[in-house]
>>> print(open('data_34.cif').read())   # mmCIF, C-alpha atoms
data_final
loop_
_atom_site.label_atom_id
_atom_site.label_comp_id
_atom_site.auth_asym_id
_atom_site.auth_seq_id
_atom_site.Cartn_x
_atom_site.Cartn_y
_atom_site.Cartn_z
CA MET C 30 119.84 75.58 76.52
CA GLU C 31 116.88 74.35 74.48
CA ASP C 32 115.09 73.38 77.65
CA ASP C 33 115.85 76.78 79.12
CA ILE C 34 114.23 78.50 76.18
CA LEU C 35 111.25 76.15 76.35
CA ILE C 36 110.77 76.81 80.07
CA GLU C 37 111.15 80.53 79.56
CA ARG C 38 108.54 80.55 76.83
CA TYR C 39 106.18 78.57 79.04
CA LEU C 40 106.68 80.97 81.95
CA LYS C 41 106.05 83.92 79.66
CA GLY C 42 102.91 82.24 78.33
CA LEU C 43 104.23 82.04 74.80
CA LEU C 44 103.59 78.35 74.07
CA SER C 45 100.78 77.24 71.78
CA LYS C 46 98.07 74.95 73.15
CA ASP C 47 99.74 71.85 71.72
CA GLU C 48 103.18 72.87 72.89
CA GLU C 49 101.84 73.55 76.33
CA LYS C 50 100.18 70.17 76.55
CA SER C 51 103.33 68.29 75.65
CA PHE C 52 105.25 70.54 78.05
CA LEU C 53 102.96 69.58 80.93
CA ASP C 54 103.10 65.90 79.96
CA ARG C 55 106.85 66.04 80.10
CA LEU C 56 106.75 67.63 83.56
CA ASP C 57 104.74 64.64 84.76
CA SER C 58 107.00 62.01 83.27
CA ASP C 59 110.49 63.52 83.34
CA THR C 60 111.72 64.07 86.92
CA ASP C 61 114.94 65.85 85.94
CA PHE C 62 113.08 68.21 83.69
CA SER C 63 110.47 68.81 86.37
CA GLU C 64 113.15 69.66 88.95
CA LYS C 65 114.86 72.01 86.55
CA PHE C 66 111.56 73.67 85.79
CA LYS C 67 110.64 74.19 89.44
CA LEU C 68 113.86 75.97 90.29
CA GLU C 69 113.57 78.12 87.16
CA GLU C 70 110.02 79.00 88.04
CA GLN C 71 110.93 79.89 91.62
CA LEU C 72 113.80 82.09 90.46
CA PHE C 73 111.60 83.68 87.82
CA ASN C 74 108.81 84.51 90.25
CA SER C 75 111.02 85.48 93.18
CA LEU C 76 113.29 87.79 91.27
CA ASN C 77 110.62 89.45 89.18
CA GLU C 78 109.33 92.38 91.19
CA ASN C 79 105.83 91.95 89.81
CA SER C 80 105.35 88.39 90.90
CA TRP C 81 105.95 86.22 93.92
CA SER C 82 107.04 82.62 94.37
CA PHE C 83 104.49 80.84 96.53
CA SER C 84 105.17 77.67 98.46
CA GLU C 85 103.06 74.87 97.17
CA SER C 86 103.84 71.96 99.37
CA LYS C 87 103.63 72.21 103.10
CA ASN C 88 106.93 70.89 104.32
CA ALA C 89 108.01 70.11 107.87
CA GLU C 90 109.42 73.57 108.43
CA VAL C 91 106.13 75.26 107.55
CA ASN C 92 104.37 73.01 110.02
CA ASP C 93 106.88 73.94 112.71
CA TYR C 94 106.29 77.65 112.16
CA ALA C 95 102.52 77.21 112.13
CA LYS C 96 102.70 75.24 115.37
CA LEU C 97 104.79 77.94 117.07
CA LEU C 98 102.39 80.61 115.82
CA ARG C 99 99.47 78.83 117.45
CA GLU C 100 101.17 78.80 120.84
CA GLU C 101 99.96 81.16 123.52
CA ASP C 102 102.87 83.62 123.58
CA LEU C 103 102.72 84.38 119.87
CA GLN C 104 98.93 84.55 119.97
CA ASN C 105 99.35 87.15 122.71
CA LEU C 106 101.81 89.03 120.54
CA LYS C 107 99.24 88.96 117.75
CA LYS C 108 96.71 90.59 120.09
CA THR C 109 99.22 93.21 121.20
CA LEU C 110 99.99 94.04 117.57
CA ALA C 111 96.32 94.34 116.67
CA LYS C 112 95.73 96.64 119.61
CA THR C 113 98.83 98.74 119.01
CA SER C 114 97.99 99.06 115.35
CA SER C 115 94.46 100.20 116.05
CA GLU C 116 95.52 102.71 118.71
CA PHE C 117 98.47 103.97 116.74
CA ASN C 118 96.43 104.49 113.61
CA SER C 119 93.45 106.05 115.34
CA LYS C 120 95.78 108.70 116.76
CA GLU C 121 96.69 109.42 113.19
CA GLY C 122 93.08 109.98 112.19
CA ALA C 123 91.29 113.27 112.19
CA THR C 124 91.06 114.47 115.77
CA SER C 125 88.29 116.65 116.95
CA LYS C 126 89.89 119.08 119.33
CA ARG C 127 86.73 121.15 119.47
CA LEU C 128 84.73 118.42 121.17
CA PHE C 129 87.55 117.91 123.61
CA TYR C 130 87.52 121.57 124.62
CA TYR C 131 83.74 121.49 125.08
CA LEU C 132 84.04 118.44 127.29
CA ALA C 133 86.94 119.82 129.24
CA ALA C 134 85.13 123.13 129.77
CA ALA C 135 81.90 121.36 130.64
CA SER C 136 83.61 119.14 133.15
CA ILE C 137 85.22 122.12 134.86
CA VAL C 138 81.85 123.87 135.12
CA ILE C 139 80.35 120.74 136.57
CA PHE C 140 83.14 120.22 139.07
CA LEU C 141 82.76 123.79 140.27
CA GLY C 142 78.97 123.47 140.44
CA PHE C 143 79.23 120.22 142.27
CA GLN C 144 81.47 121.81 144.83
CA LEU C 145 78.65 124.05 146.11
CA PHE C 146 76.64 121.08 147.30
CA VAL C 147 79.31 118.97 148.83
CA ASN C 148 80.69 119.63 152.21
CA GLU C 149 84.05 118.01 152.25
CA ASN C 150 87.54 119.01 153.24
CA THR C 151 87.65 122.31 151.42
CA SER C 152 91.34 122.65 150.83
CA ASN C 153 91.68 119.20 149.34
CA GLN C 154 88.60 119.78 147.18
CA ASP C 155 90.19 123.01 145.97
CA LEU C 156 93.35 121.18 145.12
CA TYR C 157 91.38 118.61 143.20
CA ASN C 158 89.56 121.26 141.23
CA ASP C 159 92.70 123.24 140.56
CA TYR C 160 94.58 120.30 139.19
CA ILE C 161 91.81 118.67 137.23
CA ALA C 162 91.14 122.10 135.69
CA LEU C 163 94.76 122.80 134.92
CA ASN C 164 95.14 119.48 133.34
CA ASP C 165 94.75 118.86 129.63
CA LEU C 166 92.19 116.16 129.29
CA PRO C 167 93.02 113.88 126.40
CA SER C 168 91.23 114.60 123.17
CA PHE C 169 88.60 112.35 121.73
CA VAL C 170 89.28 110.95 118.34
CA THR C 171 86.37 111.08 115.99
CA ARG C 172 86.53 108.34 113.49
CA GLY C 173 83.70 106.38 111.96
CA ASN C 174 80.28 107.05 113.40
CA ASP C 175 81.08 107.44 117.09
CA THR C 176 80.79 111.22 116.77
CA SER C 177 77.10 111.33 117.43
CA ASP C 178 77.40 109.29 120.64
CA LEU C 179 80.18 111.50 121.93
CA ALA C 180 78.23 114.61 121.01
CA ARG C 181 75.26 113.21 122.89
CA ALA C 182 77.41 112.48 125.94
CA GLN C 183 78.74 116.02 125.78
CA GLU C 184 75.24 117.51 125.67
CA LEU C 185 74.18 115.44 128.66
CA PHE C 186 77.29 116.57 130.45
CA GLU C 187 76.48 120.21 129.77
CA ASN C 188 72.97 119.70 131.04
CA LYS C 189 74.41 118.24 134.24
CA LYS C 190 72.80 114.90 133.54
CA TYR C 191 75.86 113.03 134.78
CA GLU C 192 74.11 109.74 135.26
CA GLU C 193 72.90 109.72 131.66
CA SER C 194 76.17 110.93 130.24
CA LEU C 195 77.96 108.21 132.16
CA SER C 196 75.67 105.59 130.69
CA VAL C 197 76.52 106.86 127.20
CA PHE C 198 80.23 106.75 128.00
CA GLN C 199 79.79 103.23 129.27
CA SER C 200 77.92 102.19 126.15
CA ILE C 201 80.69 103.40 123.86
CA ASP C 202 83.73 102.49 125.85
CA ASN C 203 84.30 99.33 123.92
CA LEU C 204 85.48 101.32 120.94
CA SER C 205 89.15 100.52 120.91
CA ASN C 206 90.05 103.86 119.34
CA ASN C 207 89.05 105.80 122.39
CA GLU C 208 89.51 103.30 125.17
CA ALA C 209 92.00 105.25 127.27
CA ASN C 210 90.27 108.61 126.79
CA LEU C 211 86.86 107.17 127.55
CA ALA C 212 88.15 105.48 130.68
CA ILE C 213 89.43 108.84 131.90
CA TYR C 214 86.17 110.64 131.17
CA LYS C 215 84.19 107.79 132.64
CA GLY C 216 86.26 107.81 135.81
CA ILE C 217 85.89 111.57 136.20
CA ALA C 218 82.14 111.36 135.68
CA GLN C 219 81.95 108.60 138.30
CA THR C 220 83.97 110.78 140.65
CA GLU C 221 81.53 113.63 140.10
CA LEU C 222 78.63 111.36 140.92
CA GLY C 223 80.31 110.33 144.14
CA LYS C 224 80.76 106.79 142.84
CA TYR C 225 84.29 106.76 144.18
CA ASP C 226 84.83 103.01 144.30
CA GLU C 227 83.66 102.65 140.74
CA ALA C 228 85.89 105.52 139.68
CA GLU C 229 88.86 103.89 141.39
CA HIS C 230 88.07 100.64 139.64
CA THR C 231 87.88 102.45 136.29
CA PHE C 232 91.29 104.04 136.78
CA ASN C 233 92.82 100.79 138.01
CA THR C 234 91.51 99.01 134.93
CA LEU C 235 93.11 101.70 132.79
CA ILE C 236 96.43 101.41 134.64
CA ASN C 237 96.48 97.64 134.26
CA SER C 238 95.58 97.73 130.58
CA ASP C 239 98.26 97.72 127.91
CA LEU C 240 96.82 100.78 126.25
CA LEU C 241 99.16 103.46 124.99
CA ASP C 242 97.91 105.91 127.60
CA ALA C 243 97.52 103.44 130.46
CA GLU C 244 99.97 105.35 132.65
CA LYS C 245 97.71 108.42 132.70
CA GLY C 246 95.48 106.42 135.01
CA TYR C 247 97.92 107.03 137.87
CA TRP C 248 97.40 110.80 137.70
CA TYR C 249 93.63 110.61 137.78
CA LYS C 250 93.71 108.03 140.53
CA ALA C 251 95.92 110.36 142.59
CA LEU C 252 93.40 113.17 142.08
CA LEU C 253 90.59 110.85 143.11
CA PHE C 254 92.45 110.02 146.34
CA ILE C 255 92.72 113.74 147.07
CA LYS C 256 89.04 114.20 146.45
CA ARG C 257 88.38 111.45 148.99
CA ASP C 258 90.86 112.90 151.49
CA ARG C 259 93.00 109.81 151.24
CA ILE C 260 96.12 111.93 151.21
CA GLN C 261 98.70 109.23 152.05
CA GLU C 262 97.57 107.14 149.09
CA ALA C 263 97.51 110.22 146.89
CA LYS C 264 101.07 111.01 147.88
CA SER C 265 102.37 107.53 147.25
CA THR C 266 100.68 107.44 143.82
CA LEU C 267 102.14 110.85 142.97
CA LYS C 268 105.58 109.71 144.11
CA GLU C 269 105.26 106.71 141.84
CA ILE C 270 104.46 109.03 138.92
CA VAL C 271 107.55 111.09 139.67
CA SER C 272 109.94 108.19 140.25
CA LYS C 273 108.81 106.33 137.15
CA SER C 274 108.59 109.51 135.06
CA LEU C 275 105.03 108.75 134.08
CA SER C 276 102.57 111.03 132.33
CA HIS C 277 101.86 114.32 134.21
CA LYS C 278 105.13 114.05 136.14
CA ASP C 279 105.65 117.82 136.36
CA LYS C 280 102.20 118.43 137.79
CA ALA C 281 102.70 115.58 140.24
CA VAL C 282 105.80 117.36 141.58
CA LEU C 283 103.81 120.58 142.07
CA LEU C 284 100.88 118.79 143.66
CA LEU C 285 103.16 116.96 146.08
CA ASP C 286 104.51 120.34 147.21
CA ASP C 287 100.98 121.62 147.68
CA LEU C 288 100.04 118.62 149.79
CA ASP C 289 102.95 119.11 152.19
CA MET Q 16 123.03 91.83 122.04
CA THR Q 17 123.05 93.83 118.83
CA ASP Q 18 120.44 96.46 118.06
CA ASN Q 19 118.70 94.12 115.65
CA SER Q 20 118.16 91.33 118.11
CA PHE Q 21 116.93 93.91 120.62
CA PHE Q 22 113.81 94.44 118.51
CA LEU Q 23 113.41 90.73 117.80
CA GLU Q 24 113.69 89.93 121.51
CA ALA Q 25 111.10 92.61 122.27
CA LEU Q 26 108.69 90.96 119.83
CA ILE Q 27 108.92 87.52 121.34
CA ASN Q 28 108.69 89.06 124.81
CA ASN Q 29 105.53 90.91 123.78
CA ASP Q 30 107.06 94.21 124.96
CA SER Q 31 104.36 96.73 124.08
CA LYS Q 32 106.53 99.80 124.71
CA VAL Q 33 109.15 98.72 122.18
CA ILE Q 34 106.43 97.61 119.78
CA ILE Q 35 104.94 101.11 119.83
CA ASN Q 36 108.36 102.49 118.96
CA ILE Q 37 108.65 100.03 116.09
CA TYR Q 38 105.37 101.45 114.79
CA LYS Q 39 106.53 105.03 115.26
CA SER Q 40 109.73 104.58 113.30
CA ASN Q 41 108.57 102.21 110.56
CA PHE Q 42 104.88 102.21 109.83
CA PHE Q 43 104.57 105.40 107.76
CA LYS Q 44 107.15 104.32 105.24
CA VAL Q 45 105.38 100.99 104.78
CA ARG Q 46 102.01 102.70 104.48
CA ALA Q 47 103.37 105.07 101.82
CA PHE Q 48 104.69 102.09 99.86
CA VAL Q 49 101.45 100.10 100.05
CA ILE Q 50 99.26 103.06 99.12
CA LYS Q 51 101.53 103.90 96.22
CA ASN Q 52 101.13 100.33 95.02
CA LYS Q 53 97.36 99.88 94.76
CA GLY Q 54 96.78 99.36 98.49
CA GLN Q 55 94.79 101.04 101.25
CA GLN Q 56 95.48 102.05 104.84
CA GLN Q 57 93.96 98.79 106.08
CA ASP Q 58 96.23 96.74 103.81
CA ALA Q 59 99.25 98.51 105.24
CA GLU Q 60 98.07 97.78 108.78
CA ASP Q 61 97.56 94.08 108.00
CA ILE Q 62 100.88 93.73 106.23
CA PHE Q 63 102.75 95.42 109.04
CA GLN Q 64 101.25 93.10 111.66
CA LYS Q 65 101.96 90.02 109.55
CA ALA Q 66 105.54 91.13 108.99
CA LEU Q 67 106.15 91.48 112.72
CA MET Q 68 104.57 88.07 113.35
CA GLN Q 69 106.83 86.62 110.68
CA LEU Q 70 109.94 88.07 112.33
CA ALA Q 71 108.80 86.88 115.74
CA VAL Q 72 108.14 83.27 114.79
CA ARG Q 73 111.32 83.05 112.78
CA TYR Q 74 113.35 84.45 115.66
CA LYS Q 75 111.66 82.17 118.11
CA LYS Q 76 112.46 79.11 116.04
CA GLU Q 77 115.96 79.81 114.84
CA LYS Q 78 117.32 83.04 116.40
CA PHE Q 79 118.23 84.36 112.97
CA VAL Q 80 120.47 87.39 112.56
CA ILE Q 81 119.55 90.47 110.56
CA ASN Q 82 122.59 91.69 108.66
CA THR Q 83 121.21 95.08 107.67
CA SER Q 84 119.41 97.50 109.99
CA PHE Q 85 116.19 96.31 111.59
CA GLU Q 86 114.30 99.11 109.80
CA ALA Q 87 115.63 98.18 106.37
CA TYR Q 88 114.93 94.51 106.93
CA LEU Q 89 111.39 95.07 108.20
CA PHE Q 90 110.66 97.25 105.18
CA THR Q 91 111.89 94.53 102.81
CA VAL Q 92 109.71 91.94 104.51
CA CYS Q 93 106.70 94.27 104.24
CA LYS Q 94 107.41 94.95 100.56
CA ASN Q 95 107.57 91.24 99.84
CA LEU Q 96 104.41 90.53 101.81
CA TRP Q 97 102.61 93.15 99.78
CA ARG Q 98 103.92 91.64 96.53
CA ARG Q 99 102.63 88.35 97.85
CA GLU Q 100 99.15 89.76 98.52
CA LEU Q 101 98.99 91.35 95.08
CA ASN Q 102 99.86 88.03 93.46
CA LYS Q 103 97.55 85.83 95.51
CA ASN Q 104 94.66 86.11 93.10
CA LYS Q 105 96.87 85.37 90.15
CA VAL Q 106 98.21 82.18 91.70
CA ARG Q 107 94.70 81.05 92.65
CA VAL Q 108 93.57 81.38 89.06
CA THR Q 109 96.58 80.01 87.23
CA ASN Q 110 97.83 77.27 89.52
CA ASN Q 111 95.55 74.30 90.04
CA ASP Q 112 97.87 72.81 92.64
CA TYR Q 113 97.64 75.87 94.86
CA LEU Q 114 96.15 74.98 98.24
CA GLU Q 115 94.56 77.74 100.30
CA PRO Q 116 96.24 78.00 103.70
CA LYS Q 117 94.10 76.59 106.50
CA ASP Q 118 94.27 79.75 108.57
CA ASP Q 119 96.19 82.93 109.21
CA ASN Q 120 98.93 81.08 111.08
CA GLU Q 121 99.62 78.71 108.23
CA ASP Q 122 99.63 81.64 105.82
CA ILE Q 123 102.27 83.42 107.90
CA ALA Q 124 104.26 80.15 108.17
CA LEU Q 125 104.26 79.78 104.38
CA ALA Q 126 105.28 83.41 103.99
CA VAL Q 127 108.31 82.82 106.24
CA LEU Q 128 109.52 80.00 104.01
CA GLU Q 129 108.94 82.06 100.88
CA GLN Q 130 110.77 85.04 102.36
CA LYS Q 131 113.74 82.81 103.23
CA ARG Q 132 113.80 81.45 99.70
CA TRP Q 133 113.67 84.98 98.33
CA GLU Q 134 116.64 85.85 100.55
CA LEU Q 135 118.62 82.87 99.29
CA PHE Q 136 117.99 83.88 95.66
CA THR Q 137 118.65 87.57 96.22
CA GLU Q 138 121.86 86.92 98.13
CA SER Q 139 123.03 84.50 95.44
CA LEU Q 140 122.38 87.16 92.83
CA GLU Q 141 124.87 89.37 94.65
CA LEU Q 142 127.58 86.71 94.27
CA ILE Q 143 127.68 86.55 90.47
CA SER Q 144 129.47 89.09 88.29
CA GLU Q 145 128.10 92.59 88.03
CA ASN Q 146 127.43 92.17 84.31
CA CYS Q 147 125.51 88.93 84.93
CA LYS Q 148 123.56 90.51 87.72
CA GLN Q 149 122.41 93.40 85.52
CA ILE Q 150 121.49 91.10 82.65
CA LEU Q 151 119.52 88.74 84.87
CA LYS Q 152 117.66 91.59 86.55
CA LEU Q 153 116.47 92.71 83.14
CA PHE Q 154 115.74 89.13 82.12
CA PHE Q 155 113.59 88.44 85.22
CA ALA Q 156 111.80 91.74 84.68
CA LYS Q 157 110.80 90.28 81.28
CA THR Q 158 112.72 92.88 79.33
CA PRO Q 159 112.71 91.95 75.61
CA TYR Q 160 116.01 90.49 74.33
CA ALA Q 161 116.26 93.23 71.71
CA GLU Q 162 116.33 95.82 74.44
CA ILE Q 163 118.96 93.97 76.49
CA MET Q 164 121.02 93.63 73.31
CA LYS Q 165 120.97 97.39 72.73
CA LYS Q 166 121.72 98.24 76.30
CA PHE Q 167 124.80 96.03 76.47
CA ASN Q 168 125.93 96.58 72.86
CA TYR Q 169 125.68 92.90 71.95
CA ASN Q 170 125.70 91.93 68.29
CA SER Q 171 122.62 89.75 68.23
CA GLU Q 172 119.80 88.43 70.35
CA THR Q 173 121.44 85.02 70.20
CA VAL Q 174 124.42 86.43 72.07
CA VAL Q 175 122.04 87.79 74.70
CA ARG Q 176 120.37 84.39 75.04
CA GLN Q 177 123.73 82.70 75.52
CA ARG Q 178 124.71 85.28 78.08
CA VAL Q 179 121.41 84.85 79.99
CA PHE Q 180 121.89 81.09 79.88
CA LYS Q 181 125.42 81.33 81.32
CA CYS Q 182 124.51 83.84 83.98
CA LYS Q 183 121.46 81.89 85.04
CA ASN Q 184 123.55 78.73 85.40
CA SER Q 185 126.07 80.51 87.50
CA LEU Q 186 123.27 81.88 89.70
CA LYS Q 187 121.79 78.40 90.06
CA GLU Q 188 125.17 77.01 91.05
CA TYR Q 189 125.42 79.45 93.93
CA VAL Q 190 121.87 78.69 94.95
CA LYS Q 191 122.43 74.93 94.90
CA LYS Q 192 125.73 75.21 96.74
CA ASP Q 193 124.07 77.04 99.62
CA LYS Q 194 123.25 74.88 102.62
CA ARG Q 195 119.80 76.47 102.84
CA PHE Q 196 118.90 75.20 99.36
CA LYS Q 197 117.58 71.78 100.30
CA ASN Q 198 115.09 73.07 102.85
CA LEU Q 199 113.84 76.01 100.85
CA THR Q 200 113.22 74.71 97.38
CA GLU Q 201 110.62 72.11 96.77
CA LEU Q 202 111.94 70.04 93.93
#
>>> encode(input="data_34.cif", output="structure tokens")
Amino acid sequence: MEDDILIERYLKGLLSKDEEKSFLDRLDSDTDFSEKFKLEEQLFNSLNENSWSFSESKNAEVNDYAKLLREEDLQNLKKTLAKTSSEFNSKEGATSKRLFYYLAAASIVIFLGFQLFVNENTSNQDLYNDYIALNDLPSFVTRGNDTSDLARAQELFENKKYEESLSVFQSIDNLSNNEANLAIYKGIAQTELGKYDEAEHTFNTLINSDLLDAEKGYWYKALLFIKRDRIQEAKSTLKEIVSKSLSHKDKAVLLLDDLD
Amino acid sequence: MTDNSFFLEALINNDSKVIINIYKSNFFKVRAFVIKNKGQQQDAEDIFQKALMQLAVRYKKEKFVINTSFEAYLFTVCKNLWRRELNKNKVRVTNNDYLEPKDDNEDIALAVLEQKRWELFTESLELISENCKQILKLFFAKTPYAEIMKKFNYNSETVVRQRVFKCKNSLKEYVKKDKRFKNLTEL
């Protein structure tokens, strides 16, 4: 019991300088005492809510865990977690709905304007416009200092400078917060510029990503197919949305009816 | 497959849909805890990721079983990881033997071992008598003997000391008897 009290006083920092020195000397020379002390210390630090018992030596088990953690599958999990965390928490941030409405409205105006100059299959173009207009475009999240870039892209959009607005979208699409939303806007802008293959590539990239909103890519790709009069592909994409219950399923059902 | 191993399987299979659901049902509680305890949003995000990595590597190595709900267990691991972060500076200053982990992976590996040791101690604490458990909880929280004496109506501080001594020995017996003891304590 004497040793217990001694150890306790040491752990509470109550020993005098001299006492502490002889305590530490004894730890070095007396194995039994040292073992007793270590367990006491671990209990003391583990079970006190204000402290924590750290591992000092790196035993075989720690090496095994570290080795497993360095393997590819767990490194991939680490990436998934980082991505999920960033997307999940950016959705939590302050969202700027206002900018989204501006962009949505601007894009509708542009689509309608664009229509006047393009002589394509009218009914399919109408369908495209109807559905892209009905659709709620995802909202941009403003966090950090990306607001000014998005505002700039919006202004360019409103001024019908699609090429320039696209280049701004492309310059900011590495921001992980907005990746899915930016891909959608980028793809729509490319569609408007007649860069159909690029737009298709943009939507495919979105679909194949592991972003939270990756599945929305199917809907926009289906609309792109309609715009290009590739109706069979549009239908099969829409059917996939319906059968897998993906995002925009209800609209896909309606659009399929319209196509028949 | 129980519900608990469902989430653990999803982690080692890198199943992003399930992982999102884990975030949806658990992250806010952890964030509230971290922010209430001197932390920031970013700390909560880091802790949460480390906790999930810890569960994944442990499950991959030894297919361990969670006896409570997955949510409760994950929260405990997060709480302990945050305690660990808060105490890192202290251990750097006071312990000359403390070696900085080489990298993030080694840090997580060490945290797994420490978590397992904490589990051994906490579970052992549940095996001793209720009276002993209460006394030791106060003792480890550094409650003064005079206060423990009052609370339990003991006659003197010496009686409290004897009681602490007895209870601690009984706790240590359970700890030492456990087959996990050898691997987890570095004596």
>>> closest_atom_pairs(input="data_34.cif", of="chain C", to="chain Q", cutoff="8 Å", atoms="only C-alpha atoms", output="tab-separated table")
residue	atom	partner	partner_atom	distance
C:Met30	CA	Q:Phe180	CA	6.8
C:Asp33	CA	Q:Phe180	CA	7.5
C:Ser63	CA	Q:Leu202	CA	7.8
C:Glu64	CA	Q:Leu202	CA	5.1
C:Lys67	CA	Q:Leu202	CA	6.3
C:Leu68	CA	Q:Leu202	CA	7.2
C:Leu72	CA	Q:Phe136	CA	6.9
C:Phe73	CA	Q:Phe155	CA	5.8
C:Asn74	CA	Q:Phe155	CA	8.0
C:Ser75	CA	Q:Trp133	CA	5.8
C:Leu76	CA	Q:Phe155	CA	6.1
C:Asn77	CA	Q:Phe155	CA	5.1
C:Glu78	CA	Q:Ala156	CA	7.0
C:Asn79	CA	Q:Arg98	CA	7.0
C:Ser80	CA	Q:Asn102	CA	6.1
C:Trp81	CA	Q:Arg99	CA	5.6
C:Ser82	CA	Q:Glu129	CA	6.8
C:Phe83	CA	Q:Glu129	CA	6.3
C:Ser84	CA	Q:Glu129	CA	6.3
C:Glu85	CA	Q:Tyr113	CA	6.0
C:Ser86	CA	Q:Glu201	CA	7.3
C:Lys87	CA	Q:Leu125	CA	7.7
C:Glu90	CA	Q:Leu128	CA	7.8
C:Val91	CA	Q:Ala124	CA	5.3
C:Asn92	CA	Q:Ala124	CA	7.4
C:Tyr94	CA	Q:Ala124	CA	5.1
C:Ala95	CA	Q:Glu121	CA	5.1
C:Leu97	CA	Q:Val72	CA	6.7
C:Leu98	CA	Q:Asn120	CA	5.9
C:Arg99	CA	Q:Asn120	CA	6.8
C:Asp102	CA	Q:Ile27	CA	7.5
C:Leu103	CA	Q:Ile27	CA	7.1
C:Asn105	CA	Q:Asn29	CA	7.3
C:Leu106	CA	Q:Asn29	CA	5.3
C:Lys107	CA	Q:Met68	CA	7.0
C:Thr109	CA	Q:Ser31	CA	6.9
C:Leu110	CA	Q:Gln64	CA	6.1
C:Ala111	CA	Q:Gln64	CA	7.1
C:Thr113	CA	Q:Ile35	CA	6.6
C:Ser114	CA	Q:Glu60	CA	6.7
C:Phe117	CA	Q:Tyr38	CA	7.6
C:Asp239	CA	Q:Ser31	CA	7.3
>>> closest_residue(input="data_34.cif", among="Q:Ser139, Q:Thr83, Q:Thr91, Q:Asn52", to="Tyr189 in chain Q", atoms="all atoms listed in the file")
Q:Ser139
>>> axis_aligned_box(input="data_34.cif", around="range 161-164 of chain Q", padding_each_side="3 Å", output="lines of an AutoDock Vina configuration file")
center_x = 118.6
center_y = 94.5
center_z = 74.1
size_x = 10.8
size_y = 8.6
size_z = 10.8
>>> atom_distance(input="data_34.cif", atom1="CA of Glu138 in chain Q", atom2="CA of Glu86 in chain Q")
18.5 Å
>>> closest_residue(input="data_34.cif", among="Q:Asn184, Q:Asn104, Q:Ser20, Q:Asn82", to="Glu69 in chain C", atoms="all atoms listed in the file")
Q:Asn184
>>> atom_distance(input="data_34.cif", atom1="CA of Phe85 in chain Q", atom2="CA of Leu23 in chain Q")
8.8 Å
>>> atom_distance(input="data_34.cif", atom1="CA of Lys215 in chain C", atom2="CA of Leu195 in chain C")
6.3 Å
>>> residues_around(input="data_34.cif", residues="range 262-277 of chain C", least_positions_apart="4", cutoff="6 Å", atoms="only C-alpha atoms", output="short mmCIF file (atom, residue, chain, number, x, y, z; two decimals) with C-alpha atoms, keeping the file's coordinate frame")
data_model
loop_
_atom_site.label_atom_id
_atom_site.label_comp_id
_atom_site.auth_asym_id
_atom_site.auth_seq_id
_atom_site.Cartn_x
_atom_site.Cartn_y
_atom_site.Cartn_z
CA LYS C 245 97.71 108.42 132.70
CA ALA C 251 95.92 110.36 142.59
CA PHE C 254 92.45 110.02 146.34
CA ILE C 255 92.72 113.74 147.07
CA ALA C 281 102.70 115.58 140.24
#
>>> resolve_selection(input="data_34.cif", expression="the PyMOL selection byres ((chain C and resi 217-231) around 8)", output="PyMOL selection string")
chain C and resi 140+143+191-192+195+212-216+232-235+249-250+253+257
>>> residues_around(input="data_34.cif", residues="Ile150 in chain Q", least_positions_apart="5", cutoff="9 Å", atoms="all atoms listed in the file", output="list in words")
Glu145, Phe155, Ile163, Phe167, Val175, Arg178, Val179 and Cys182 of chain Q
>>> resolve_selection(input="data_34.cif", expression="the PyMOL selection byres ((chain C and resi 153) around 9)", output="ChimeraX atom specification")
/C:149-152,154-158,255-258,260,288
>>> closest_residue(input="data_34.cif", among="C:Gln261, C:Ser45, C:Phe66, C:Asn88", to="Lys197 in chain Q", atoms="only C-alpha atoms")
C:Asn88
>>> residues_around(input="data_34.cif", residues="Glu193 in chain C", least_positions_apart="4", cutoff="8 Å", atoms="only C-alpha atoms", output="ChimeraX atom specification")
/C:182,185,197
>>> write_last_selection(input="data_34.cif", atoms="C-alpha atoms", output="CSV table (one decimal), in the coordinates of the input")
chain,number,residue,atom,x,y,z
C,182,ALA,CA,77.4,112.5,125.9
C,185,LEU,CA,74.2,115.4,128.7
C,197,VAL,CA,76.5,106.9,127.2
